[in-house]
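Asks: structure-v8.cif is reproduced below (mmCIF, C-alpha atoms).
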```cif
data_query
loop_
_atom_site.group_PDB
_atom_site.id
_atom_site.type_symbol
_atom_site.label_atom_id
_atom_site.label_comp_id
_atom_site.auth_asym_id
_atom_site.auth_seq_id
_atom_site.Cartn_x
_atom_site.Cartn_y
_atom_site.Cartn_z
ATOM 1 C CA MET A 111 17.259 12.982 -12.440
ATOM 2 C CA LEU A 112 14.525 14.657 -10.411
ATOM 3 C CA SER A 113 12.130 11.758 -10.860
ATOM 4 C CA LEU A 114 14.830 9.048 -10.613
ATOM 5 C CA GLY A 115 12.679 6.893 -12.876
ATOM 6 C CA LEU A 116 10.264 6.137 -10.047
ATOM 7 C CA THR A 117 7.412 4.514 -11.970
ATOM 8 C CA PHE A 118 5.943 1.564 -10.119
ATOM 9 C CA ASP A 119 4.503 -0.326 -13.071
ATOM 10 C CA THR A 120 4.538 -0.248 -16.844
ATOM 11 C CA ALA A 121 0.736 -0.015 -16.875
ATOM 12 C CA ALA A 122 1.208 3.517 -15.509
ATOM 13 C CA GLY A 123 -1.873 5.574 -14.798
ATOM 14 C CA ALA A 124 -3.898 4.570 -17.811
ATOM 15 C CA ARG A 125 -6.505 2.949 -15.598
ATOM 16 C CA ALA A 126 -6.472 5.500 -12.818
ATOM 17 C CA GLY A 127 -9.966 6.508 -11.833
ATOM 18 C CA ALA A 128 -11.416 3.305 -13.269
ATOM 19 C CA GLY A 129 -11.859 1.632 -9.884
ATOM 20 C CA LEU A 130 -8.980 -0.800 -10.442
ATOM 21 C CA LEU A 131 -6.147 -1.731 -8.100
ATOM 22 C CA GLY A 132 -2.902 -3.635 -8.386
ATOM 23 C CA PRO A 133 -3.309 -7.388 -7.790
ATOM 24 C CA ASN A 134 -0.948 -7.417 -4.807
ATOM 25 C CA ALA A 135 -3.760 -6.118 -2.612
ATOM 26 C CA VAL A 136 -5.167 -9.648 -3.026
ATOM 27 C CA ILE A 137 -2.008 -11.711 -3.500
ATOM 28 C CA GLN A 138 -0.199 -10.443 -0.415
ATOM 29 C CA LEU A 139 -3.253 -10.757 1.820
ATOM 30 C CA GLY A 140 -3.406 -14.446 0.949
ATOM 31 C CA ALA A 141 0.337 -14.785 1.569
ATOM 32 C CA ALA A 142 0.131 -12.996 4.925
ATOM 33 C CA LEU A 143 -2.736 -15.217 6.072
ATOM 34 C CA ARG A 144 -0.944 -18.399 5.072
ATOM 35 C CA ALA A 145 2.280 -17.302 6.763
ATOM 36 C CA ALA A 146 0.655 -16.316 10.064
ATOM 37 C CA PRO A 147 1.368 -18.807 12.871
ATOM 38 C CA GLY A 148 -1.640 -20.467 14.434
ATOM 39 C CA LEU A 149 -4.026 -19.511 11.629
ATOM 40 C CA ALA A 150 -4.183 -22.690 9.584
ATOM 41 C CA GLY A 151 -7.047 -22.503 7.120
ATOM 42 C CA ALA A 152 -7.690 -18.812 7.753
ATOM 43 C CA ALA A 153 -6.825 -17.829 4.183
ATOM 44 C CA GLU A 154 -9.370 -20.300 2.822
ATOM 45 C CA ARG A 155 -12.045 -19.083 5.253
ATOM 46 C CA VAL A 156 -11.491 -15.391 4.539
ATOM 47 C CA PHE A 157 -11.399 -15.808 0.763
ATOM 48 C CA ALA A 158 -14.459 -18.067 0.831
ATOM 49 C CA ARG A 159 -16.374 -15.587 2.969
ATOM 50 C CA ALA A 160 -15.603 -12.857 0.423
ATOM 51 C CA GLY A 161 -16.608 -15.103 -2.496
ATOM 52 C CA CYS A 162 -13.038 -15.060 -3.821
ATOM 53 C CA THR A 163 -11.877 -18.670 -3.399
ATOM 54 C CA ARG A 164 -10.756 -18.863 -7.034
ATOM 55 C CA LEU A 165 -8.309 -15.990 -6.456
ATOM 56 C CA LEU A 166 -6.594 -17.930 -3.702
ATOM 57 C CA ALA A 167 -6.170 -20.942 -5.958
ATOM 58 C CA SER A 168 -5.080 -18.846 -8.964
ATOM 59 C CA ALA A 169 -3.598 -15.472 -8.046
ATOM 60 C CA PRO A 170 -4.556 -12.543 -10.313
ATOM 61 C CA ASP A 171 -1.829 -11.249 -12.608
ATOM 62 C CA GLU A 172 -3.431 -8.017 -13.784
ATOM 63 C CA MET A 173 -5.375 -5.068 -12.397
ATOM 64 C CA ILE A 174 -8.472 -6.001 -10.406
ATOM 65 C CA ASP A 175 -11.738 -4.341 -9.453
ATOM 66 C CA GLU A 176 -11.173 -2.460 -6.188
ATOM 67 C CA ALA A 177 -14.360 -4.027 -4.801
ATOM 68 C CA ILE A 178 -12.585 -7.404 -4.597
ATOM 69 C CA PRO A 179 -9.868 -6.487 -2.060
ATOM 70 C CA ALA A 180 -12.425 -4.338 -0.241
ATOM 71 C CA ARG A 181 -14.601 -7.447 0.230
ATOM 72 C CA LEU A 182 -11.590 -9.478 1.293
ATOM 73 C CA PHE A 183 -10.518 -7.018 3.982
ATOM 74 C CA ALA A 184 -14.097 -6.762 5.237
ATOM 75 C CA ALA A 185 -14.196 -10.568 5.435
ATOM 76 C CA LEU A 186 -10.859 -10.529 7.266
ATOM 77 C CA TRP A 187 -12.352 -8.396 10.053
ATOM 78 C CA ARG A 188 -15.447 -10.592 10.241
ATOM 79 C CA GLU A 189 -13.481 -13.837 10.343
ATOM 80 C CA LEU A 190 -10.724 -12.862 12.824
ATOM 81 C CA PRO A 191 -10.563 -10.854 16.057
ATOM 82 C CA SER A 192 -9.847 -7.172 15.377
ATOM 83 C CA ALA A 193 -6.260 -7.216 16.632
ATOM 84 C CA GLN A 194 -5.399 -10.257 14.510
ATOM 85 C CA ALA A 195 -7.131 -8.828 11.454
ATOM 86 C CA ALA A 196 -5.217 -5.555 11.817
ATOM 87 C CA ALA A 197 -1.896 -7.386 12.174
ATOM 88 C CA ILE A 198 -2.573 -9.487 9.063
ATOM 89 C CA ALA A 199 -3.639 -6.442 7.005
ATOM 90 C CA HIS A 200 -0.540 -4.540 8.147
ATOM 91 C CA GLN A 201 1.689 -7.466 7.175
ATOM 92 C CA ALA A 202 -0.055 -7.712 3.792
ATOM 93 C CA GLY A 203 0.720 -4.017 3.268
ATOM 94 C CA HIS A 204 4.385 -4.598 4.138
ATOM 95 C CA ARG A 205 4.523 -7.484 1.689
ATOM 96 C CA THR A 206 2.983 -5.284 -1.001
ATOM 97 C CA GLY A 207 5.571 -2.578 -0.336
ATOM 98 C CA ALA A 208 8.347 -5.167 -0.528
ATOM 99 C CA TYR A 209 7.025 -6.341 -3.896
ATOM 100 C CA VAL A 210 7.000 -2.764 -5.175
ATOM 101 C CA LEU A 211 10.586 -2.290 -3.985
ATOM 102 C CA ALA A 212 11.806 -5.484 -5.609
ATOM 103 C CA HIS A 213 9.887 -5.364 -8.893
ATOM 104 C CA ARG A 214 8.536 -1.879 -9.600
ATOM 105 C CA ILE A 215 11.272 0.570 -8.592
ATOM 106 C CA PRO A 216 14.401 0.382 -10.757
ATOM 107 C CA ALA A 217 17.590 -0.587 -8.940
ATOM 108 C CA PRO A 218 19.388 2.670 -9.894
ATOM 109 C CA ALA A 219 16.519 4.673 -8.368
ATOM 110 C CA ARG A 220 16.680 2.629 -5.152
ATOM 111 C CA TRP A 221 20.434 3.152 -4.996
ATOM 112 C CA ALA A 222 20.142 6.903 -5.541
ATOM 113 C CA LEU A 223 17.330 7.465 -3.034
ATOM 114 C CA ARG A 224 19.220 5.701 -0.263
ATOM 115 C CA ARG A 225 22.138 8.097 -0.749
ATOM 116 C CA LEU A 226 20.182 11.347 -0.871
ATOM 117 C CA PRO A 227 19.501 13.507 2.183
ATOM 118 C CA PRO A 228 16.301 12.151 3.776
ATOM 119 C CA PHE A 229 14.286 15.332 3.143
ATOM 120 C CA LEU A 230 15.010 15.116 -0.592
ATOM 121 C CA ALA A 231 14.493 11.348 -0.782
ATOM 122 C CA ALA A 232 11.150 11.766 0.998
ATOM 123 C CA ARG A 233 10.052 14.470 -1.438
ATOM 124 C CA LEU A 234 10.930 12.357 -4.487
ATOM 125 C CA LEU A 235 9.252 9.265 -3.074
ATOM 126 C CA LEU A 236 6.100 11.271 -2.332
ATOM 127 C CA GLN A 237 6.031 12.457 -5.953
ATOM 128 C CA ALA A 238 6.319 8.867 -7.157
ATOM 129 C CA ILE A 239 3.544 7.740 -4.815
ATOM 130 C CA ARG A 240 1.250 10.483 -6.126
ATOM 131 C CA ARG A 241 1.984 9.625 -9.764
ATOM 132 C CA ASN A 242 1.423 5.911 -9.201
ATOM 133 C CA ALA A 243 -1.455 6.153 -6.731
ATOM 134 C CA TRP A 244 -3.727 4.097 -9.007
ATOM 135 C CA THR A 245 -1.968 0.937 -7.834
ATOM 136 C CA PHE A 246 -3.101 1.357 -4.201
ATOM 137 C CA ALA A 247 -5.861 3.987 -4.286
ATOM 138 C CA GLY A 248 -7.984 2.861 -7.247
ATOM 139 C CA SER A 249 -10.810 5.324 -7.818
ATOM 140 C CA GLY A 250 -9.768 7.320 -4.745
ATOM 141 C CA PHE A 251 -7.898 10.601 -5.119
ATOM 142 C CA CYS A 252 -4.378 10.728 -3.688
ATOM 143 C CA SER A 253 -2.620 13.956 -2.793
ATOM 144 C CA VAL A 254 0.718 14.476 -1.071
ATOM 145 C CA ALA A 255 2.303 17.327 0.858
ATOM 146 C CA PRO A 256 6.026 17.319 1.671
ATOM 147 C CA GLY A 257 7.039 18.570 5.071
ATOM 148 C CA ASP A 258 8.006 17.410 8.524
ATOM 149 C CA PRO A 259 5.944 15.312 8.806
ATOM 150 C CA ALA A 260 4.879 14.771 5.218
ATOM 151 C CA LEU A 261 1.254 13.963 4.425
ATOM 152 C CA ILE A 262 -0.463 11.507 2.088
ATOM 153 C CA THR A 263 -4.243 11.882 1.749
ATOM 154 C CA ILE A 264 -6.472 9.358 -0.009
ATOM 155 C CA SER A 265 -9.944 10.800 -0.544
ATOM 156 C CA ARG A 266 -12.755 8.273 -1.070
ATOM 157 C CA ASN A 267 -10.329 5.527 -0.095
ATOM 158 C CA PRO A 268 -11.669 2.213 -1.477
ATOM 159 C CA LEU A 269 -9.522 0.239 0.993
ATOM 160 C CA ALA A 270 -10.348 2.195 4.134
ATOM 161 C CA MET A 271 -10.139 0.015 7.235
ATOM 162 C CA PRO A 272 -9.543 0.447 10.979
ATOM 163 C CA GLY A 273 -6.261 2.251 11.488
ATOM 164 C CA GLY A 274 -5.594 2.358 7.736
ATOM 165 C CA VAL A 275 -3.257 -0.521 8.503
ATOM 166 C CA TRP A 276 -2.798 -1.890 4.973
ATOM 167 C CA HIS A 277 -1.676 1.472 3.614
ATOM 168 C CA VAL A 278 0.396 2.082 6.747
ATOM 169 C CA GLY A 279 2.237 -1.162 6.005
ATOM 170 C CA VAL A 280 2.859 -0.192 2.368
ATOM 171 C CA PHE A 281 4.170 3.274 3.246
ATOM 172 C CA GLU A 282 6.257 2.017 6.161
ATOM 173 C CA CYS A 283 8.016 -0.470 3.937
ATOM 174 C CA LEU A 284 8.782 2.066 1.211
ATOM 175 C CA PHE A 285 9.913 4.945 3.424
ATOM 176 C CA ARG A 286 11.937 2.785 5.812
ATOM 177 C CA ALA A 287 13.763 1.149 2.912
ATOM 178 C CA LEU A 288 14.348 4.259 0.804
ATOM 179 C CA VAL A 289 14.359 7.290 3.151
ATOM 180 C CA ASN A 290 14.966 6.480 6.813
ATOM 181 C CA GLU A 291 14.605 3.129 8.580
ATOM 182 C CA GLY A 292 13.113 4.930 11.596
ATOM 183 C CA THR A 293 10.172 6.411 9.635
ATOM 184 C CA GLN A 294 6.887 6.422 11.582
ATOM 185 C CA ILE A 295 3.466 6.431 9.884
ATOM 186 C CA GLY A 296 0.350 7.831 11.537
ATOM 187 C CA HIS A 297 -3.256 7.585 10.371
ATOM 188 C CA ALA A 298 -6.429 9.593 10.804
ATOM 189 C CA GLY A 299 -9.680 8.988 8.978
ATOM 190 C CA ASP A 300 -12.912 10.879 8.379
ATOM 191 C CA VAL A 301 -16.225 9.614 7.041
ATOM 192 C CA VAL A 302 -17.323 12.120 4.417
ATOM 193 C CA ALA A 303 -19.796 12.273 1.558
ATOM 194 C CA GLY A 304 -18.586 10.054 -1.266
ATOM 195 C CA GLY A 305 -16.508 7.737 0.935
ATOM 196 C CA PRO A 306 -13.852 7.731 3.656
ATOM 197 C CA ASP A 307 -10.900 10.108 3.598
ATOM 198 C CA CYS A 308 -7.660 8.773 5.080
ATOM 199 C CA ARG A 309 -4.708 10.943 6.036
ATOM 200 C CA PHE A 310 -1.296 9.394 6.631
ATOM 201 C CA THR A 311 1.424 11.392 8.347
ATOM 202 C CA ILE A 312 4.952 10.415 7.365
ATOM 203 C CA ASP A 313 7.488 11.243 10.073
ATOM 204 C CA TRP A 314 10.512 10.516 7.897
ATOM 205 C CA ARG A 315 12.931 11.798 10.542
ATOM 206 C CA GLY A 316 11.899 8.899 12.765
#
```
Is it possible to express this structure as structure tokens?
Replies:
Amino acid sequence: MLSLGLTFDTAAGARAGAGLLGPNAVIQLGAALRAAPGLAGAAERVFARAGCTRLLASAPDEMIDEAIPARLFAALWRELPSAQAAAIAHQAGHRTGAYVLAHRIPAPARWALRRLPPFLAARLLLQAIRRNAWTFAGSGFCSVAPGDPALITISRNPLAMPGGVWHVGVFECLFRALVNEGTQIGHAGDVVAGGPDCRFTIDWRG
């Protein structure tokens, strides 16, 4: 009961540390670009600039090299103004979180989390995020610390970007759906030897 069956994917952590990420980092970026008003053709331009046109035409259905979404997000910031790029990346993160909710967290676990006291639901969700970090952190190292606010740290984050907006979107979606709809996510990043470290504060009290 303590884990509530919170395993995001049947592939589990077998590929953790191998520099692979879940395919939704790519799929949902394409979807967010195509859904954005006033940005006709932006998905094609961003994916072409990253050398990933084939992934827009045929979405990946298995784990992917973390370098691919990293190139795509870098291309996003080069192709669009910063504010637009951040909004698209944030929306892609939300879409990824929504996919996880719908397809990777069992319905009984969703039901139970929504009925637990928020402090306990937050603790259990943090444990699940740490166990399944391979899907959004790749070769980075993810650690969590419960509290008020709680903390998620991704060391050597392969998808570091201004404001950490993709991860903010993922965590917002999960915590607002399963813990408290008023949850606020903050981000701070450091450039350190070996790659960027990103810290996300989770104010689950809202």
Asks: Apply the PyMOL selection byres ((chain A and resi 203-206) around 8) to the structure shown and report the selected residues as a compact mmCIF listing (two decimals) with C-alpha atoms, keeping the file's coordinate frame.
Replies:
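Output contents, as saved in out_29.txt:
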```txt
# COMPACT_ATOMS: atom_id res chain seq x y z
CA ASN A 134 -0.95 -7.42 -4.81
CA ALA A 135 -3.76 -6.12 -2.61
CA GLN A 138 -0.20 -10.44 -0.42
CA LEU A 139 -3.25 -10.76 1.82
CA ALA A 142 0.13 -13.00 4.92
CA ALA A 199 -3.64 -6.44 7.00
CA HIS A 200 -0.54 -4.54 8.15
CA GLN A 201 1.69 -7.47 7.18
CA ALA A 202 -0.06 -7.71 3.79
CA GLY A 207 5.57 -2.58 -0.34
CA ALA A 208 8.35 -5.17 -0.53
CA TYR A 209 7.02 -6.34 -3.90
CA VAL A 210 7.00 -2.76 -5.18
CA VAL A 275 -3.26 -0.52 8.50
CA TRP A 276 -2.80 -1.89 4.97
CA HIS A 277 -1.68 1.47 3.61
CA VAL A 278 0.40 2.08 6.75
CA GLY A 279 2.24 -1.16 6.00
CA VAL A 280 2.86 -0.19 2.37
CA PHE A 281 4.17 3.27 3.25
CA GLU A 282 6.26 2.02 6.16
CA CYS A 283 8.02 -0.47 3.94
```
Asks: Taking the file as shown, what set of residues would the PyMOL selection byres ((chain A and resi 257) around 12) give back, as a VMD selection string?
Replies: chain A and resid 228 to 233 236 254 to 256 258 to 262 311 to 315
Asks: Axis-aligned box over every listed atom of stretch 172-175 of chain A, padded by 5 Å per side: centre and edges in Å to one decimal, as lines of an AutoDock Vina configuration file?
Replies:
```
center_x = -7.6
center_y = -6.2
center_z = -11.6
size_x = 18.3
size_y = 13.7
size_z = 14.3
```
Asks: Using atom CA of A:Gly129 and atom CA of A:Gly248 as the two end points, give the distance in Å to one decimal.
Replies: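 Atom CA of A:Gly248 lies 4.8 Å from atom CA of A:Gly129.
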Asks: From the set A:Leu130, A:Ile178, A:Ile137, A:Ala185, which residue has the shortest atom-to-atom contact distance to A:Phe246, counting all atoms listed in the file?
Replies: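 Going through A:Leu130, A:Ile178, A:Ile137, A:Ala185 one by one, the smallest distance to A:Phe246 is for A:Leu130.
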Asks: When you draw a straight line from atom CA of A:Ala270 to atom CA of A:Leu190, how long is it in Å?
Replies: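 Going from atom CA of A:Ala270 over to atom CA of A:Leu190 covers 17.4 Å.
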Asks: In Å, how far is it from atom CA of A:Ala298 to atom CA of A:Pro179?
Replies: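 So the answer is 20.9 Å.
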Asks: Could you expand the PyMOL selection byres ((chain A and resi 154-160) around 7) into the explicit residues it covers here, written as a compact mmCIF listing (two decimals) with C-alpha atoms, in the coordinates of the input?
Replies:
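Final output, out.txt:
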```
# COMPACT_ATOMS: atom_id res chain seq x y z
CA GLY A 151 -7.05 -22.50 7.12
CA ALA A 152 -7.69 -18.81 7.75
CA ALA A 153 -6.82 -17.83 4.18
CA GLY A 161 -16.61 -15.10 -2.50
CA CYS A 162 -13.04 -15.06 -3.82
CA THR A 163 -11.88 -18.67 -3.40
CA LEU A 166 -6.59 -17.93 -3.70
CA ARG A 181 -14.60 -7.45 0.23
CA LEU A 182 -11.59 -9.48 1.29
CA ALA A 185 -14.20 -10.57 5.44
CA LEU A 186 -10.86 -10.53 7.27
CA GLU A 189 -13.48 -13.84 10.34
```
Asks: Find the residues near A:Met271: any atom within 9 Å, counting all atoms listed in the file, skip ones fewer than 5 places away on the same chain, and give them as a list of chain:residue names.
Replies: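 Contacts, with the query itself left out: A:Ala180, A:Phe183, A:Ala184, A:Ala196, A:Trp276.
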Asks: For A:Ala169, which residue out of A:Ile295, A:Pro272, A:Val136, A:Arg188 is the nearest one, using all atoms listed in the file?
Replies: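 Among A:Ile295, A:Pro272, A:Val136, A:Arg188, it is A:Val136 that comes nearest to A:Ala169.
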Asks: My list of candidates is A:Gln237, A:Ser249, A:Asn242, A:Gln194. Which is closest to A:Asp175 when distances are computed with all atoms listed in the file?
Replies: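 With all atoms listed in the file as the atom set, the closest residue is A:Ser249.
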Asks: So, with all atoms listed in the file as the atoms that count, which of A:Arg286, A:Leu223, A:Asp171, A:Ala146 lies closest to A:Leu235?
Replies: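 Answer, going by the shortest atom-to-atom distance: A:Leu223.
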